[in-house]
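Novice: One file: my_file_15.txt (compact mmCIF, C-alpha atoms).
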```txt
# COMPACT_ATOMS: atom_id res chain seq x y z
CA MET A 1 199.60 33.88 96.07
CA ASN A 2 199.73 37.34 94.49
CA TYR A 3 201.88 40.04 96.07
CA TYR A 4 201.33 43.66 95.09
CA ILE A 5 204.35 45.64 96.25
CA ASP A 6 204.85 49.36 96.03
CA PHE A 7 208.26 50.20 94.63
CA ASP A 8 208.64 53.72 96.06
CA ASN A 9 209.64 53.78 99.73
CA THR A 10 209.16 50.03 100.06
CA LEU A 11 211.83 48.58 97.79
CA TYR A 12 213.57 51.81 96.88
CA ASN A 13 214.67 54.89 98.80
CA THR A 14 212.75 57.37 96.68
CA PRO A 15 213.09 60.34 99.07
CA LEU A 16 216.87 60.00 98.94
CA LEU A 17 216.78 59.90 95.14
CA ALA A 18 214.74 63.12 95.11
CA ASN A 19 217.16 64.78 97.52
CA LEU A 20 220.18 63.72 95.46
CA MET A 21 218.61 64.99 92.23
CA LEU A 22 217.64 68.32 93.82
CA ASP A 23 221.09 68.71 95.34
CA LYS A 24 222.68 68.09 91.94
CA LEU A 25 220.29 70.56 90.31
CA ALA A 26 221.15 73.23 92.88
CA GLU A 27 224.87 72.49 92.52
CA CYS A 28 224.66 72.95 88.75
CA ILE A 29 222.72 76.22 89.06
CA VAL A 30 225.32 77.53 91.49
CA SER A 31 228.18 76.46 89.23
CA GLN A 32 226.70 78.47 86.35
CA LYS A 33 225.45 81.54 88.24
CA LYS A 34 227.35 81.66 91.56
CA TYR A 35 224.26 81.94 93.74
CA ASP A 36 224.13 80.75 97.34
CA LYS A 37 223.65 76.99 97.19
CA GLU A 38 221.50 76.74 100.32
CA SER A 39 218.95 79.26 99.06
CA ILE A 40 218.86 77.63 95.60
CA LEU A 41 218.47 74.19 97.15
CA ASN A 42 215.59 75.45 99.29
CA GLU A 43 213.96 76.94 96.21
CA CYS A 44 214.36 73.64 94.33
CA LYS A 45 212.81 71.71 97.21
CA SER A 46 209.91 74.13 97.54
CA MET A 47 209.09 73.78 93.84
CA PHE A 48 209.45 69.98 93.62
CA ASN A 49 206.07 68.75 94.80
CA ARG A 50 202.68 67.78 93.46
CA GLU A 51 201.37 71.35 93.79
CA HIS A 52 204.08 72.88 91.59
CA ILE A 53 206.39 70.70 89.50
CA TYR A 54 206.80 66.99 90.18
CA ASP A 55 208.94 66.01 87.20
CA ILE A 56 212.66 66.60 87.57
CA TYR A 57 213.07 67.47 83.88
CA GLU A 58 210.26 70.02 84.04
CA LEU A 59 211.94 71.45 87.11
CA ILE A 60 215.23 71.70 85.23
CA GLU A 61 213.43 73.50 82.42
CA TYR A 62 211.79 75.87 84.91
CA PHE A 63 215.12 76.83 86.50
CA THR A 64 217.05 77.04 83.24
CA ASN A 65 214.46 79.49 81.97
CA LYS A 66 214.28 81.42 85.23
CA TYR A 67 218.06 81.83 85.59
CA THR A 68 219.02 81.69 81.88
CA LEU A 69 221.13 78.55 82.22
CA ASP A 70 222.50 75.95 79.84
CA PRO A 71 220.25 72.91 80.47
CA LYS A 72 222.59 70.28 78.99
CA PRO A 73 225.11 70.00 81.85
CA ILE A 74 222.29 70.06 84.39
CA GLU A 75 220.40 67.26 82.63
CA ASP A 76 223.62 65.26 82.26
CA ASN A 77 224.42 65.54 85.98
CA VAL A 78 220.89 64.68 87.09
CA ASN A 79 220.90 61.71 84.69
CA LYS A 80 224.09 60.45 86.36
CA VAL A 81 222.30 60.48 89.71
CA ILE A 82 219.41 58.51 88.22
CA LEU A 83 221.68 56.03 86.43
CA ASN A 84 223.51 55.36 89.71
CA GLY A 85 220.21 54.76 91.47
CA SER A 86 220.73 51.04 91.95
CA ASN A 87 222.50 51.86 95.21
CA LEU A 88 219.18 53.23 96.50
CA VAL A 89 217.46 49.86 96.43
CA PHE A 90 216.97 48.80 100.05
CA GLU A 91 219.40 45.98 100.87
CA ASP A 92 216.65 43.53 101.82
CA SER A 93 214.54 44.18 98.69
CA ILE A 94 216.17 41.76 96.29
CA PRO A 95 216.46 38.85 98.76
CA PHE A 96 212.80 39.40 99.70
CA LEU A 97 211.66 39.35 96.06
CA GLU A 98 213.85 36.35 95.27
CA LYS A 99 212.35 34.46 98.20
CA LEU A 100 208.81 35.19 97.05
CA GLN A 101 209.69 34.15 93.52
CA SER A 102 211.38 30.92 94.66
CA GLN A 103 208.21 30.03 96.57
CA GLY A 104 206.18 30.38 93.37
CA HIS A 105 204.37 33.58 94.27
CA ASN A 106 203.32 36.16 91.68
CA ILE A 107 204.92 39.55 92.24
CA PHE A 108 203.41 42.76 90.94
CA LEU A 109 205.44 45.92 91.46
CA LEU A 110 203.49 49.15 91.65
```
Take the structure I supplied and represent it as structure tokens, if you would.

Specialist:
Amino acid sequence: MNYYIDFDNTLYNTPLLANLMLDKLAECIVSQKKYDKESILNECKSMFNREHIYDIYELIEYFTNKYTLDPKPIEDNVNKVILNGSNLVFEDSIPFLEKLQSQGHNIFLL
């Protein structure tokens, strides 16, 4: 049997990843410009959507231009969040996929 499984929000906690990236972005802006973190974080969240900017690196570019920031430390810190993203895989995801695979099913991740 073929199983078509959505990765985002099914196997992986994508909303938490987005929140962690936005928090890190806001933290980096505040560390360079000493703005209020809560207001910067709210601004980051309001811009990160399909109507505005839905690519974290484009969002970094937007804010580095807006606030005249050094993008390198921001990109490095956001990349660390992404690279540590394996802890955002739901704990039952891998056993579920392994079970399907052991039963000979075809798995297609979307």

Novice: Extract, using all atoms listed in the file, all DNA, RNA and protein residues at most 8 Å from A:Leu88, discarding same-chain residues fewer than 4 positions from it, and format them as a list in words.

Specialist: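 So the residues in contact are Tyr12, Asn13, Thr14, Leu16 and Leu17 of chain A.
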
Novice: How many Å separate atom CA of A:His52 from atom CA of A:Val30?

Specialist: 21.7 Å

Novice: Restricting the calculation to only C-alpha atoms, which member of A:Glu75, A:Glu43, A:Glu27, A:Asp6 is positioned closest to A:Glu58?

Specialist: A:Glu75

Novice: What are the centre and the three edge lengths of an axis-aligned box that wraps all atoms of stretch 64-77 of chain A in the file, given that 4 Å is added to every side, written as lines of an AutoDock Vina configuration file and rounded to one decimal in Å?

Specialist:
```
center_x = 219.7
center_y = 73.5
center_z = 82.5
size_x = 18.8
size_y = 24.6
size_z = 15.0
```

Novice: Which one is closest to A:Ser46: A:Phe7, A:Asn19, A:Thr64, A:Leu109? Count all atoms listed in the file.

Specialist: A:Asn19

Novice: If you count all atoms listed in the file, which residues fall within 9 Å of A:Asp92, apart from same-chain ones fewer than 4 positions away, as an NGL selection string?

Specialist: :A and (11 or 96-97)

Novice: Would you pick out the contacts of A:Glu61 at 12 Å or less, using only C-alpha atoms, so that residues sharing its chain but fewer than 3 positions from it are not included, and give the list as JSON, numbers by chain?

Specialist: {"A": [25, 29, 44, 53, 55, 56, 57, 58, 64, 65, 66, 67, 68, 69, 70, 71, 72, 74, 75]}

Novice: Would you export the selected residues with C-alpha atoms as a PDB file, in the frame of the given file, please?

Specialist:
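As written to disk, part-v7.pdb reads:
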```pdb
ATOM      1  CA  LEU A  25     220.290  70.560  90.310  1.00  0.00           C
ATOM      2  CA  ILE A  29     222.720  76.220  89.060  1.00  0.00           C
ATOM      3  CA  CYS A  44     214.360  73.640  94.330  1.00  0.00           C
ATOM      4  CA  ILE A  53     206.390  70.700  89.500  1.00  0.00           C
ATOM      5  CA  ASP A  55     208.940  66.010  87.200  1.00  0.00           C
ATOM      6  CA  ILE A  56     212.660  66.600  87.570  1.00  0.00           C
ATOM      7  CA  TYR A  57     213.070  67.470  83.880  1.00  0.00           C
ATOM      8  CA  GLU A  58     210.260  70.020  84.040  1.00  0.00           C
ATOM      9  CA  THR A  64     217.050  77.040  83.240  1.00  0.00           C
ATOM     10  CA  ASN A  65     214.460  79.490  81.970  1.00  0.00           C
ATOM     11  CA  LYS A  66     214.280  81.420  85.230  1.00  0.00           C
ATOM     12  CA  TYR A  67     218.060  81.830  85.590  1.00  0.00           C
ATOM     13  CA  THR A  68     219.020  81.690  81.880  1.00  0.00           C
ATOM     14  CA  LEU A  69     221.130  78.550  82.220  1.00  0.00           C
ATOM     15  CA  ASP A  70     222.500  75.950  79.840  1.00  0.00           C
ATOM     16  CA  PRO A  71     220.250  72.910  80.470  1.00  0.00           C
ATOM     17  CA  LYS A  72     222.590  70.280  78.990  1.00  0.00           C
ATOM     18  CA  ILE A  74     222.290  70.060  84.390  1.00  0.00           C
ATOM     19  CA  GLU A  75     220.400  67.260  82.630  1.00  0.00           C
TER      20      GLU A  75
END
```

Novice: If you measure from atom CA of A:Leu59 to atom CA of A:Pro73, what distance in Å do you get, rounded to one decimal?

Specialist: 14.3 Å

Novice: At a cut-off of 9 Å, using all atoms listed in the file, what residues contact A:Ala26? Leave out same-chain residues fewer than 2 positions from it and give the result as an MDAnalysis selection string.

Specialist: chainID A and resid 21:24 28:31 37:44

Novice: Tell me, in Å to one decimal, how far atom CA of A:Leu20 is from atom CA of A:Glu98.

Specialist: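 Going from atom CA of A:Leu20 over to atom CA of A:Glu98 covers 28.1 Å.
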
Novice: Can you tell me which residues surround A:Asn106 at a distance of at most 7 Å, considering all atoms listed in the file, apart from same-chain residues fewer than 2 positions away, and format the answer as a list in words?

Specialist: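 Contacts, with the query itself left out: Met1, Asn2, Tyr3, Gln101, Gly104 and Phe108 of chain A.
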
Novice: Counting all atoms listed in the file, figure out which residue out of A:Asn9, A:Glu51, A:Phe63, A:Leu83 gets nearest to A:Lys33.

Specialist: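 Of all the options, A:Phe63 lies closest to A:Lys33.
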